[in-house]
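Asks: Pasting in a structure now, in structure tokens, and then I'll have a few things to ask.
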Amino acid sequence: MQGLWDFWAAYRSTLAFAIVNSFLALSTYAVLSAGILSFATVTYAAFGGFLGARMVLATGIDPMLTLPAAALAGAVLSYLVALIFLRLESHWMALASLALILITRVIVINIPVVTGGVNGMSVPLPVSLELLAVLIALAALVFWRLSVSWYGIAAQSVREDTAVASSLGIAPRKIQTIAFVISGAVGGLGGMLLAGALQFISPDTYFVNIAFTMIAGVVLGGSYHWTGVIIGAAVFTALPVIAQAIIPEFQDVANGIVLLLIMIFLPRGLVDPRAIRLRNKFQLPVAQAIKDTSSTKLDI
Amino acid sequence: MGTSVRLGPWVFATLAAFAFQTTPALAQGLTPGEYKIGFITENTGPIAQAGQSFWAGAQLAVEDIKSSKYIGASSIVLDPKESGSDAARSIQAMNQFIADRSVIATACCILSPVAGSLKPVVLAAKVPLVIYGATAAGLPQPPWIYSMTILPGPKDTATALLVSDAIKPKTAAYILAADNDAFKGRMAPTQKALEAKGIATAGVVSVLTKDTDFTAAATQAMGLKPDVVLVYATQQAAAGAISALRDRGFTKTIIGNDVLGPEAIYKKMGATVVGIPFPVGFSDTIGVSAEGKSFVNAYKAKFKVSPDSYSAQGYQMVWFVAQGLKSISGTPTRESLSAALAKLEKFDHNVYGGEFMKEGQAQTTGTIVVNWSADGKLVPWTAPK
Amino acid sequence: MSETGLPQSLLEISAVGKNFGGVAAVSELSMVVQTGSVAGLMGPNGAGKTTLVNLISGLLPSDSGTIRLADVEIQRSPSHVIAELGIARTYQNVRLFSGMTVLEQVMAGCYVRRGTSLWASFLGLPKARAARKAVESHALELLDRVQLANRAHLLAETLSYGEQRRVEIARALGTSPRLLLLDEPTAGMNAQESNEIGKLVHSLRDGGLTVLIVEHNVQLVKDFCDHVTVMNFGRFLADGTPAECIAHPDVQAAYFGKTTDAERIRTLR
Amino acid sequence: MDLFFEQLINGVALGSLYALFGLGFGIVFATLGILNAAQGTYASWAAIVALAAAEHYKLPFIPALLTGVVAAGVIALLVDQVAFQPLRRRGKDMLGALITSIACWIILDSLAGTATGHNSLSFPRGTYPSTMYHLGTIPLPVMQIITIAAMVAVTVGLHVLIRHTRFGAAMRAVGWDQTAASLGGVNPRYVVIITAFIAGSTSGLAGVLGGITTHNVSFMLGEGLMLKGFAAVVVGGYDDVRGTALAGVALGVLEVMTSQYLSSGLRDGITYALLLGFLLLRPRGLFGSLTYSRA
């Protein structure tokens with residue numbers, strides 16, 4: 001038992017960071033599932049993280065309250081971003097969101113009263129593994145509900161073919177705005193949790209490196225189903241730790257190679273609902289198959 | 001072999017009694033064994049070059065302690081985990097050390113934000129942490145957190161005053177890494193001290209640690225027409241700024257800081273760094289104590305390159321933990337080691353000469369102002385005629 | 001106003017124009033579609049038929065002229081508003097949603113008539129669940145009308161070409177439209193399959209739906225259209241009953257070339 | 001006033017580096033439709049190889065420079081064939097290529113770190129021309145002249161290649177639609193390979209010149225050029241090389257003037273704000289052409 005307990009204690013923080021990364025990956029997935037590639041999650045995370053930490057430090061309220069506040073802040077910010085960015089074509093949206101991250105870091109450095117500026121700031125929000133587990137379960141429930149509800153069908157339609165979705169009465173701009181708000185809320189919350197896990201945040205915490213980690217996690221896990229996203233984020237967090245155990249000096253190279261291989265051989269990611277359904281097609285019960293072929297006479 | 005069976009129980013009783021009788025004699029010393037330090041390395045990433053110096057110094061210290069039998073038959077072993085100067089990976093590494101029962105103490109951090117991240121983790125887990133490189137004030141917190149970093153602040157001010165007494169400049173310009181809190185903190189007292197001596201501040205030119213081109217900053221500094229330029233920036237930015245100044249024909253005095261110490265800087269900058277004065281906590285050639293000399297020779301033998309102040313700090317860090325272990329009787333625990341470390345004032349083994357511990361922060365007396373000579377040696381700085 | 005109280009003409013297009021760069025895909029075109037009728041739109045390739053359908057459905061903004069659906073101007077409205085007003089369409093080359101089953105395709109069509117708010121559906125309130133069940137059974141009915149009920153749970157993209165066209169029609173019907181635009185529904189189908197599409201269109205018309213078919217299949221137009229309009233080079237050429245239009249000399253020339261050209265070729269030989 | 005002109009020249013020289021790098025990045029984006037996160041490592045590796053050529057093999061300046069540039073072209077070729085070609089067979093998907101380019105960025109970056117022993121090396125004194133000319137009282141290092149001249153030459157060369165040669169037409173055809181281009185008799189594989197090589201070597205040239213003038217041969221070199229080159233491409237319009245070049249130089253001058261007359265804290269902020277402004281108000285950039293897409 002002792003060995004097991006040590007192993008668990010040793011890799012608790014890796015699990016904690018895997019859950020935090022899942023929130024950021026889900027935020028990226030929220031807009032990706034409506035057909036938008038955007039790195040803006042980093043900006044919501046920074047906004048949520050710094051705002052939440054400063055609220056606790058300044059007003060001394062119960063840190064638990066900062067979680068909904070960070071989510072709300074992220075949602076409001078993403079709504080504004082949606083108003084400006086949704087006019088853009090797809091790959092311009094990706095480039096604009098990349099520029100947004102670069103600007104976020106400059107802003108964070110230049111408002112030390114809120115963000116502690118260059119020195120960064122400590123975050124008095126204790127983030128226990130139990131809290132993270134509850135929150136990720138909640139997020140999973142939300143994304144499950146979203147995928148099975150009318151929003152899910154509308155979002156998938158907009159993603160697969162925006163013009164056709166619009167000709168069916170699905171307003172793409174409205175659906176994508178909802179997607180942004182969800183992405184903002186989850187991103188803001190993710191940013192706050194990251195701050196809690198790190199206990200100390202600086203301008204470099206929310207920068208391009210986590211943007212690429214999130215996108216890689218989402219695509220690795222499969223950007224067509226929310227479960228894939230969580231698995232992708234977890235795998236991408238664990239990769240450096242595993243690589244470090246095997247070949248410490250070349251662990252970064254190992255990360256890159258694994259990501260490259262997965263992208264080439266599993267382009268639609270680890271969890272691909274379409275492939276699963278394709279497989280189901282060939283397991284039609286024999287009786288059903290016979291019935292199909294016999295009843296093709298057409299009665300008008 | 002029948003007889004041994006009958007004797008079995010009786011012989012066993014006497015042996016046990018004899019064994020029991022002797023152990024107390026050994027009790028007052030440290031129980032022999034291998035004591036593991038969890039060492040968070042920064043051998044990759046932006047400041048890997050400094051990270052490698054710290055790591056080399058620490059490895060050498062483990063060998064010296066074993067060969068000199070400083071803690072009897074015991075020895076220290078280092079368990080490295082790479083963090084690449086990234087806070088998230090450092091926290092994961094620290095948690096892995098905390099979970100490992102055989103880790104008695106831990107060591108980390110060159111960047112202050114990373115040290116800030118680890119502080120609450122270490123305090124909650126109650127394991128001693130010795131910081132070997134982060135310079136931000138307020139990090140040490142006995143009995144759990146100590147810092148062996150030689151605080152560069154006071155040395156910078158002393159050097160600036162010493163050099164300005166010699167060359168009597170009227171105005172001074174500063175090149176500052178605006179996105180690095182440590183250097184902003186170090187420049188302020190020096191600027192105040194120089195202004196107190198009537199040396200006006202011609203201006204402060206800000207650069208960023210991630211910059212690659214410093215021609216514009218050098219032109220801006222030279223535009224202020226200063227008599228002396230002081231450079232407060234990380235290693236790469238400082239090297240870039242100084243090269244740019246010399247390339248554009250600035251011949252007056254430039255004052256650097258400890259980042260110019262490592263030999264790799266001379267290899268990289270060559271002639272542009274010759275003659276530039278800067279303070280150094282440890283020098284392998286100048287004012288070296290006996291222990292310092294043996295450290296230098298052992299380091300050169302093992303790593304084929306001469307040590308800098310970073311390797312010396314890594315070296316002293318391990319000796320500090322060893323000295324704490326030496327003062328414990330019986331098997332040390334994290335709690336007993338932290339209590340022992342808290343009581344340490346003077347150092348038995350010291351390569352800087354005159355180092356002492358105050359409230360968990362290592363202090364050194366005296367400042368050695370050196371500069372690189374044309375043939376790549378560190379020589380004491382002398383005022384140009 | 002016909003006795004059914006519905007306006008005599010459901011769709012009025014007057015002087016509509018659209019050009020891409022210098023090319024006038026549609027210019028000065030006017031036509032009317034009677035309520036409850038099956039109107040045909042014919043013309044050689046490149047006549048601007050699909051562009052006109054794109055203008056009506058709002059996929060493309062028109063440059064000039066007005067389009068009125070039951071006296072409501074729609075030429076400037078976005079396509080999702082036009083769809084809510086009751087115009088549904090299919091596409092020249094089938095555009096189904098990849099990764100979705102046949103039933104999900106039709107459910108996407110029923111989105112605009114889902115009967116609950118997104119919020120209620122997300123929360124899974126009993127009212128929303130009931131409305132969802134109703135829409136699902138309605139969708140299965142639609143699939144039954146196009147004889148695809150037994151394919152409901154298969155990936156739409158794995159179906160045969162003909163079947164996919166019928167899924168697209170079922171999906172369009174999901175929006176419970178007043179006007180259905182069919183863009184070459186029988187392209188690539190054999191006579192027997194085309195005939196079934198024709199019968200389906202007639203059964204929809206009998207249910208009160210107005211249909212505009214863009215079609216090359218002269219046989220289908222003759223058998224199933226009440227009225228036909230012919231376009232050429234983006235302009236109005238002729239209109240009337242199918243028989244009148246097919247016999248019309250200009251239409252013949254547009255499709256088979258002028259007799260004078262025919263003679264000239266003979267002389268060249 | 002001398003200070004203004006001095007800084008202007010510094011700005012143009014710095015901007016030439018951004019422009020040169022942006023040209024390579026822009027071609028890949030325009031022709032191959034890929035937002036290549038690994039482009040920065042081509043510059044770092046070009047500098048590393050050039051340094052090795054100059055230091056170990058004692059090659060004079062020009063041959064060492066060319067070695068670095070060719071090396072960057074070859075690396076770009078390898079990355080294209082290993083990371084982008086498999087995806088290209090499955091149809092144009094920017095997201096997939098972006099991720100594999102991130103993977104290559106991680107690999108090449110850490111290898112560059114190991115190659116330079118994680119510290120920032122610089123070209124030894126004698127290996128590059130360092131005479132200092134004077135324009136009136138303004139010091140003008142020869143390296144700045146070389147950088148500006150290289151940028152102008154490459155821009156003109158690329159413009160002529162793309163706009164006025166058969167191969168240029170083939171590149172643009174592949175950029176619009178690969179399958180259509182191959183139907184038109186263009187061998188897309190051949191065009192893709194040559195384009196990747198040209199793009200890699202152009203960014204590589206920026207890397208070598210950057211490595212020399214900033215005394216910083218390390219993996220950090222590529223990252224610095226990458227962000228600014230990306231801004232130059234977007235602001236200048238990605239399908240016109242002249243736009244990228246002018247925007248690159250303008251960004252360099254803007255950056256130098258901001259830190260001289262305003263504050264260097266805002267310097268990067270202004271560059272990225274300009275980038276975001278262009279993306280929102282004029283996504284096709286200053287000189288880019290409007291792209292028609294039929295419904």
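For the structure tokens, the naming scheme is as follows: chains receive sequential letters (A, B, ...) according to their order of presentation, residues are indexed from 1 within each chain, and ligands are indexed from 1 in presentation order.
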In segment 61-188 of chain C, what's strand (DSSP E or B) per DSSP? Answer as JSON, numbers by chain?

Replies: {"C": [64, 65, 66, 67, 68, 69, 72, 73, 87, 88, 89, 101, 155, 179, 180, 181, 182, 183]}

Asks: Excluding segment 161-166 of chain C and any residue of its chain fewer than 4 positions from it, enumerate the residues within 7 Å of it, using only C-alpha atoms, and give them as an mmCIF file with all heavy atoms, in the first residue's frame.

Replies:
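Here's the written file selection-v6.cif:
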data_model
loop_
_atom_site.group_PDB
_atom_site.id
_atom_site.type_symbol
_atom_site.label_atom_id
_atom_site.label_comp_id
_atom_site.auth_asym_id
_atom_site.auth_seq_id
_atom_site.Cartn_x
_atom_site.Cartn_y
_atom_site.Cartn_z
ATOM 1 N N VAL C 94 -25.408 17.651 -53.509
ATOM 2 C CA VAL C 94 -25.934 17.401 -52.159
ATOM 3 C C VAL C 94 -24.965 17.943 -51.080
ATOM 4 O O VAL C 94 -23.761 17.721 -51.163
ATOM 5 C CB VAL C 94 -26.101 15.874 -51.948
ATOM 6 C CG1 VAL C 94 -26.671 15.612 -50.572
ATOM 7 C CG2 VAL C 94 -27.016 15.324 -53.030
ATOM 8 N N VAL C 146 -40.145 9.999 -47.392
ATOM 9 C CA VAL C 146 -39.131 9.815 -48.458
ATOM 10 C C VAL C 146 -38.567 8.395 -48.395
ATOM 11 O O VAL C 146 -37.466 8.109 -48.896
ATOM 12 C CB VAL C 146 -37.974 10.857 -48.333
ATOM 13 C CG1 VAL C 146 -38.492 12.243 -48.642
ATOM 14 C CG2 VAL C 146 -37.319 10.803 -46.961
ATOM 15 N N ALA C 156 -25.381 9.669 -42.667
ATOM 16 C CA ALA C 156 -25.993 10.072 -43.941
ATOM 17 C C ALA C 156 -25.005 9.890 -45.094
ATOM 18 O O ALA C 156 -25.385 9.469 -46.198
ATOM 19 C CB ALA C 156 -26.404 11.543 -43.837
ATOM 20 N N ALA C 170 -35.992 15.779 -47.095
ATOM 21 C CA ALA C 170 -36.636 15.589 -45.780
ATOM 22 C C ALA C 170 -36.145 16.664 -44.815
ATOM 23 O O ALA C 170 -36.923 17.279 -44.081
ATOM 24 C CB ALA C 170 -36.291 14.199 -45.236
ATOM 25 N N PRO C 185 -33.208 18.359 -58.466
ATOM 26 C CA PRO C 185 -33.358 17.222 -57.538
ATOM 27 C C PRO C 185 -33.115 15.881 -58.193
ATOM 28 O O PRO C 185 -32.748 14.922 -57.539
ATOM 29 C CB PRO C 185 -34.810 17.359 -57.051
ATOM 30 C CG PRO C 185 -35.508 18.154 -58.102
ATOM 31 C CD PRO C 185 -34.493 19.068 -58.681
ATOM 32 N N MET C 189 -30.135 10.808 -61.606
ATOM 33 C CA MET C 189 -31.076 9.727 -61.207
ATOM 34 C C MET C 189 -31.623 9.077 -62.475
ATOM 35 O O MET C 189 -31.771 9.731 -63.514
ATOM 36 C CB MET C 189 -32.253 10.326 -60.417
ATOM 37 C CG MET C 189 -31.919 10.682 -58.984
ATOM 38 S SD MET C 189 -33.478 11.023 -58.105
ATOM 39 C CE MET C 189 -32.790 11.469 -56.516
#

Asks: Could you list the residues in chain B lying within 9 Å of chain A, using only C-alpha atoms, and format the result as a tab-separated table (two decimals) with all heavy atoms, in the first residue's frame?

Replies:
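File written: out-v4.tsv
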chain	number	residue	atom	x	y	z
B	43	ASN	N	18.43	22.78	-16.38
B	43	ASN	CA	19.49	22.60	-17.39
B	43	ASN	C	18.99	22.84	-18.80
B	43	ASN	O	19.73	22.70	-19.75
B	43	ASN	CB	20.04	21.17	-17.26
B	43	ASN	CG	20.74	21.02	-15.89
B	43	ASN	OD1	21.10	22.02	-15.26
B	43	ASN	ND2	20.87	19.79	-15.43
B	44	THR	N	17.67	23.09	-18.95
B	44	THR	CA	17.16	23.47	-20.31
B	44	THR	C	16.36	24.76	-20.11
B	44	THR	O	16.12	25.18	-18.99
B	44	THR	CB	16.20	22.37	-20.84
B	44	THR	OG1	15.10	22.30	-19.91
B	44	THR	CG2	16.88	21.02	-20.92
B	81	LYS	N	15.54	16.61	-10.89
B	81	LYS	CA	14.32	16.58	-11.74
B	81	LYS	C	14.31	17.88	-12.52
B	81	LYS	O	14.36	18.98	-11.96
B	81	LYS	CB	13.06	16.46	-10.86
B	81	LYS	CG	12.80	15.02	-10.37
B	81	LYS	CD	11.36	14.87	-9.91
B	81	LYS	CE	11.11	13.54	-9.19
B	81	LYS	NZ	11.29	12.35	-10.04
B	82	GLU	N	14.21	17.78	-13.85
B	82	GLU	CA	14.33	18.96	-14.74
B	82	GLU	C	13.03	19.77	-14.73
B	82	GLU	O	11.92	19.22	-14.71
B	82	GLU	CB	14.64	18.48	-16.16
B	82	GLU	CG	14.78	19.58	-17.20
B	82	GLU	CD	15.77	20.69	-16.79
B	82	GLU	OE1	16.79	20.39	-16.13
B	82	GLU	OE2	15.48	21.88	-17.06
B	87	ALA	N	7.30	27.14	-13.92
B	87	ALA	CA	6.70	27.03	-12.57
B	87	ALA	C	5.88	25.74	-12.45
B	87	ALA	O	6.01	24.99	-11.48
B	87	ALA	CB	5.81	28.24	-12.31
B	88	ALA	N	5.05	25.44	-13.47
B	88	ALA	CA	4.16	24.27	-13.35
B	88	ALA	C	5.00	23.00	-13.19
B	88	ALA	O	4.73	22.17	-12.31
B	88	ALA	CB	3.28	24.18	-14.60
B	89	ARG	N	6.05	22.86	-14.02
B	89	ARG	CA	6.86	21.63	-13.93
B	89	ARG	C	7.62	21.58	-12.61
B	89	ARG	O	7.83	20.51	-12.02
B	89	ARG	CB	7.82	21.55	-15.13
B	89	ARG	CG	7.11	21.01	-16.39
B	89	ARG	CD	7.88	21.26	-17.67
B	89	ARG	NE	9.13	20.49	-17.71
B	89	ARG	CZ	10.01	20.63	-18.72
B	89	ARG	NH1	9.76	21.47	-19.70
B	89	ARG	NH2	11.12	19.95	-18.74
B	91	ILE	N	6.60	22.73	-9.75
B	91	ILE	CA	5.67	22.31	-8.69
B	91	ILE	C	5.46	20.80	-8.76
B	91	ILE	O	5.48	20.09	-7.75
B	91	ILE	CB	4.32	23.06	-8.86
B	91	ILE	CG1	4.46	24.52	-8.43
B	91	ILE	CG2	3.21	22.38	-8.05
B	91	ILE	CD1	3.21	25.33	-8.53
B	92	GLN	N	5.32	20.28	-9.99
B	92	GLN	CA	5.13	18.82	-10.11
B	92	GLN	C	6.36	18.09	-9.57
B	92	GLN	O	6.25	17.11	-8.84
B	92	GLN	CB	4.89	18.46	-11.58
B	92	GLN	CG	3.54	18.94	-12.09
B	92	GLN	CD	3.33	18.63	-13.56
B	92	GLN	OE1	3.60	17.51	-14.01
B	92	GLN	NE2	2.87	19.61	-14.32
B	93	ALA	N	7.54	18.61	-9.90
B	93	ALA	CA	8.78	17.95	-9.42
B	93	ALA	C	8.82	18.00	-7.89
B	93	ALA	O	9.10	16.99	-7.22
B	93	ALA	CB	10.00	18.67	-10.01
B	94	MET	N	8.50	19.19	-7.32
B	94	MET	CA	8.56	19.33	-5.85
B	94	MET	C	7.61	18.34	-5.19
B	94	MET	O	7.93	17.65	-4.22
B	94	MET	CB	8.20	20.77	-5.46
B	94	MET	CG	8.23	21.03	-3.95
B	94	MET	SD	9.82	20.66	-3.18
B	94	MET	CE	10.74	22.14	-3.59
B	95	ASN	N	6.40	18.20	-5.76
B	95	ASN	CA	5.44	17.27	-5.16
B	95	ASN	C	5.97	15.84	-5.22
B	95	ASN	O	5.75	15.04	-4.31
B	95	ASN	CB	4.09	17.37	-5.88
B	95	ASN	CG	3.28	18.55	-5.34
B	95	ASN	OD1	3.20	18.73	-4.12
B	95	ASN	ND2	2.74	19.38	-6.22
B	96	GLN	N	6.68	15.54	-6.33
B	96	GLN	CA	7.24	14.19	-6.41
B	96	GLN	C	8.30	13.98	-5.32
B	96	GLN	O	8.38	12.94	-4.70
B	96	GLN	CB	7.82	13.95	-7.81
B	96	GLN	CG	6.72	13.72	-8.85
B	96	GLN	CD	7.18	14.01	-10.26
B	96	GLN	OE1	8.37	13.93	-10.56
B	96	GLN	NE2	6.24	14.35	-11.13
B	97	PHE	N	9.11	15.04	-5.06
B	97	PHE	CA	10.13	14.91	-3.99
B	97	PHE	C	9.47	14.74	-2.64
B	97	PHE	O	9.82	13.87	-1.84
B	97	PHE	CB	11.03	16.16	-3.97
B	97	PHE	CG	12.01	16.23	-5.10
B	97	PHE	CD1	12.27	17.43	-5.75
B	97	PHE	CD2	12.67	15.08	-5.53
B	97	PHE	CE1	13.17	17.49	-6.80
B	97	PHE	CE2	13.57	15.14	-6.58
B	97	PHE	CZ	13.82	16.35	-7.22
B	98	ILE	N	8.42	15.58	-2.40
B	98	ILE	CA	7.74	15.53	-1.09
B	98	ILE	C	7.19	14.12	-0.86
B	98	ILE	O	7.29	13.55	0.22
B	98	ILE	CB	6.61	16.58	-1.03
B	98	ILE	CG1	7.21	18.00	-1.01
B	98	ILE	CG2	5.71	16.36	0.17
B	98	ILE	CD1	6.21	19.10	-1.34
B	99	ALA	N	6.69	13.49	-1.93
B	99	ALA	CA	6.08	12.16	-1.78
B	99	ALA	C	7.15	11.10	-1.57
B	99	ALA	O	6.88	10.03	-1.02
B	99	ALA	CB	5.29	11.82	-3.05
B	100	ASP	N	8.40	11.41	-1.94
B	100	ASP	CA	9.49	10.40	-1.82
B	100	ASP	C	10.04	10.46	-0.40
B	100	ASP	O	10.72	11.42	-0.03
B	100	ASP	CB	10.58	10.76	-2.86
B	100	ASP	CG	11.75	9.77	-2.78
B	100	ASP	OD1	11.79	8.98	-1.80
B	100	ASP	OD2	12.60	9.80	-3.67
B	101	ARG	N	9.80	9.40	0.40
B	101	ARG	CA	10.17	9.42	1.84
B	101	ARG	C	11.66	9.59	2.04
B	101	ARG	O	12.10	10.18	3.00
B	101	ARG	CB	9.75	8.11	2.52
B	101	ARG	CG	8.33	7.68	2.32
B	101	ARG	CD	7.54	7.37	3.60
B	101	ARG	NE	6.12	7.71	3.36
B	101	ARG	CZ	5.64	8.90	3.59
B	101	ARG	NH1	6.40	9.83	4.10
B	101	ARG	NH2	4.39	9.19	3.33
B	112	SER	N	12.69	34.09	-9.67
B	112	SER	CA	11.92	34.41	-8.45
B	112	SER	C	10.46	33.96	-8.56
B	112	SER	O	9.91	33.42	-7.60
B	112	SER	CB	12.01	35.92	-8.18
B	112	SER	OG	13.38	36.26	-8.02
B	113	PRO	N	9.77	34.15	-9.73
B	113	PRO	CA	8.37	33.68	-9.79
B	113	PRO	C	8.27	32.18	-9.50
B	113	PRO	O	7.33	31.73	-8.82
B	113	PRO	CB	7.95	33.97	-11.24
B	113	PRO	CG	8.87	35.04	-11.71
B	113	PRO	CD	10.16	34.85	-10.97
B	114	VAL	N	9.25	31.37	-9.93
B	114	VAL	CA	9.19	29.92	-9.67
B	114	VAL	C	9.33	29.68	-8.16
B	114	VAL	O	8.58	28.91	-7.56
B	114	VAL	CB	10.32	29.19	-10.46
B	114	VAL	CG1	10.32	27.72	-10.11
B	114	VAL	CG2	10.14	29.42	-11.95
B	116	GLY	N	8.54	31.73	-5.87
B	116	GLY	CA	7.28	32.17	-5.26
B	116	GLY	C	6.23	31.07	-5.33
B	116	GLY	O	5.48	30.84	-4.38
B	117	SER	N	6.21	30.37	-6.46
B	117	SER	CA	5.22	29.30	-6.63
B	117	SER	C	5.48	28.16	-5.64
B	117	SER	O	4.54	27.56	-5.12
B	117	SER	CB	5.32	28.71	-8.04
B	117	SER	OG	4.76	29.61	-8.95
B	118	LEU	N	6.74	27.85	-5.40
B	118	LEU	CA	7.07	26.66	-4.59
B	118	LEU	C	6.93	26.92	-3.09
B	118	LEU	O	6.70	25.98	-2.32
B	118	LEU	CB	8.50	26.19	-4.89
B	118	LEU	CG	8.68	25.55	-6.28
B	118	LEU	CD1	10.14	25.15	-6.49
B	118	LEU	CD2	7.80	24.31	-6.40
B	119	LYS	N	7.05	28.19	-2.70
B	119	LYS	CA	7.07	28.49	-1.25
B	119	LYS	C	5.87	27.88	-0.54
B	119	LYS	O	6.04	27.08	0.40
B	119	LYS	CB	7.08	30.02	-1.05
B	119	LYS	CG	8.24	30.52	-0.14
B	119	LYS	CD	8.27	32.03	-0.05
B	119	LYS	CE	8.04	32.47	1.39
B	119	LYS	NZ	8.32	33.90	1.56
B	120	PRO	N	4.61	28.19	-0.95
B	120	PRO	CA	3.47	27.62	-0.20
B	120	PRO	C	3.47	26.09	-0.22
B	120	PRO	O	3.12	25.45	0.77
B	120	PRO	CB	2.25	28.20	-0.94
B	120	PRO	CG	2.73	28.84	-2.17
B	120	PRO	CD	4.19	29.06	-2.06
B	121	VAL	N	3.92	25.49	-1.34
B	121	VAL	CA	3.92	24.02	-1.43
B	121	VAL	C	4.85	23.43	-0.37
B	121	VAL	O	4.51	22.49	0.36
B	121	VAL	CB	4.39	23.59	-2.85
B	121	VAL	CG1	4.49	22.08	-2.93
B	121	VAL	CG2	3.47	24.16	-3.90
B	178	ALA	N	13.53	46.20	-18.40
B	178	ALA	CA	12.29	46.72	-17.79
B	178	ALA	C	11.36	45.57	-17.39
B	178	ALA	O	10.49	45.74	-16.56
B	178	ALA	CB	11.58	47.63	-18.79
B	179	ASP	N	11.52	44.39	-17.99
B	179	ASP	CA	10.58	43.31	-17.65
B	179	ASP	C	11.22	42.30	-16.70
B	179	ASP	O	10.91	41.12	-16.75
B	179	ASP	CB	10.07	42.62	-18.93
B	179	ASP	CG	11.22	41.96	-19.69
B	179	ASP	OD1	12.38	42.24	-19.33
B	179	ASP	OD2	10.96	41.20	-20.63
B	180	ASN	N	12.16	42.76	-15.84
B	180	ASN	CA	12.74	41.84	-14.86
B	180	ASN	C	12.81	42.53	-13.50
B	180	ASN	O	13.54	43.52	-13.32
B	180	ASN	CB	14.15	41.42	-15.32
B	180	ASN	CG	14.75	40.41	-14.35
B	180	ASN	OD1	14.90	40.72	-13.16
B	180	ASN	ND2	15.05	39.22	-14.81
B	181	ASP	N	12.01	42.04	-12.56
B	181	ASP	CA	11.87	42.72	-11.27
B	181	ASP	C	13.19	42.76	-10.49
B	181	ASP	O	13.53	43.77	-9.91
B	181	ASP	CB	10.82	41.98	-10.43
B	181	ASP	CG	11.26	40.52	-10.23
B	181	ASP	OD1	12.04	40.02	-11.10
B	181	ASP	OD2	10.88	39.91	-9.24
B	182	ALA	N	14.00	41.69	-10.57
B	182	ALA	CA	15.24	41.66	-9.75
B	182	ALA	C	16.11	42.86	-10.14
B	182	ALA	O	16.58	43.59	-9.27
B	182	ALA	CB	15.97	40.35	-10.01

Asks: To test your reading of the structure, identify every residue in segment 21-83 of chain C that backbone DSSP assigns to helix (DSSP H, G or I), and report it as a list of chain:residue names.

Replies: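 Written out, the helix (DSSP H, G or I) residues of segment 21-83 of chain C are C:Lys49, C:Thr50, C:Thr51, C:Leu52, C:Val53, C:Asn54, C:Leu55, C:Ile56, C:Ser79, C:His80, C:Val81, C:Ile82, C:Ala83.
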
Asks: Need to verify the contact set: segment 252-257 of chain B, 8 Å, only C-alpha atoms, exclusion of same-chain residues closer than 2 positions in sequence. Can you return it as an NGL selection string?

Replies: :B and (156 or 160 or 227-232 or 238 or 242 or 250 or 259-260 or 276-280)

Asks: Using only C-alpha atoms, determine which residues lie at most 12 Å from Ser68 of chain B, disregarding the query and same-chain residues fewer than 6 positions distant; provide the list as a list in words.

Replies: Ala61, Val62, Ser74, Ser75, Trp319, Ala322 and His349 of chain B

Asks: Identify every residue of chain A that has at least one atom within 6 Å of any atom of chain D, counting only C-alpha atoms, and report the result as a PyMOL selection string.

Replies: chain A and resi 96+99+103+106+253+256+259-260

Asks: Counting only C-alpha atoms, which of C:Leu179, C:Val16, C:Leu60, C:Val26 gets nearest to chain D?

Replies: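 Closest to chain D, using only C-alpha atoms: C:Leu60.
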
Asks: At a cut-off of 7 Å, using only C-alpha atoms, what residues contact Pro242 of chain C? Leave out same-chain residues fewer than 5 positions from it and give the result as a list of chain:residue names.

Replies: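 Everything that qualifies: C:Val221, C:Lys222, C:Cys225, C:His227, C:Val228.
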
Asks: Write out as JSON, numbers by chain each polymer residue whose atoms come within 10 Å of segment 119-125 of chain D, counting only C-alpha atoms; drop sequence neighbours fewer than 4 positions from it.

Replies: {"B": [44, 45, 46, 47, 48, 49, 50, 235, 236, 239, 240, 264, 265, 267, 268, 269, 270, 271, 272], "D": [47, 48, 50, 51, 52, 54, 55, 113, 114, 115, 129, 130, 208, 211, 212, 213, 214, 215, 216, 217, 218, 219, 220, 221]}

Asks: Could you produce a table of the residues of segment 97-198 of chain A lying within 9 Å of segment 60-68 of chain A, with the nearest pair of atoms per residue and their separation in Å rounded to one decimal, using only C-alpha atoms, ordered by chain and increasing residue number, as a tab-separated table?

Replies:
residue	atom	partner	partner_atom	distance
A:Pro124	CA	A:Pro63	CA	7.6
A:Leu125	CA	A:Pro63	CA	5.5
A:Pro126	CA	A:Pro63	CA	7.9
A:Ala185	CA	A:Pro68	CA	8.7
A:Gly188	CA	A:Leu67	CA	8.5
A:Leu189	CA	A:Leu67	CA	5.9
A:Met192	CA	A:Leu67	CA	6.7
A:Leu193	CA	A:Leu67	CA	7.9
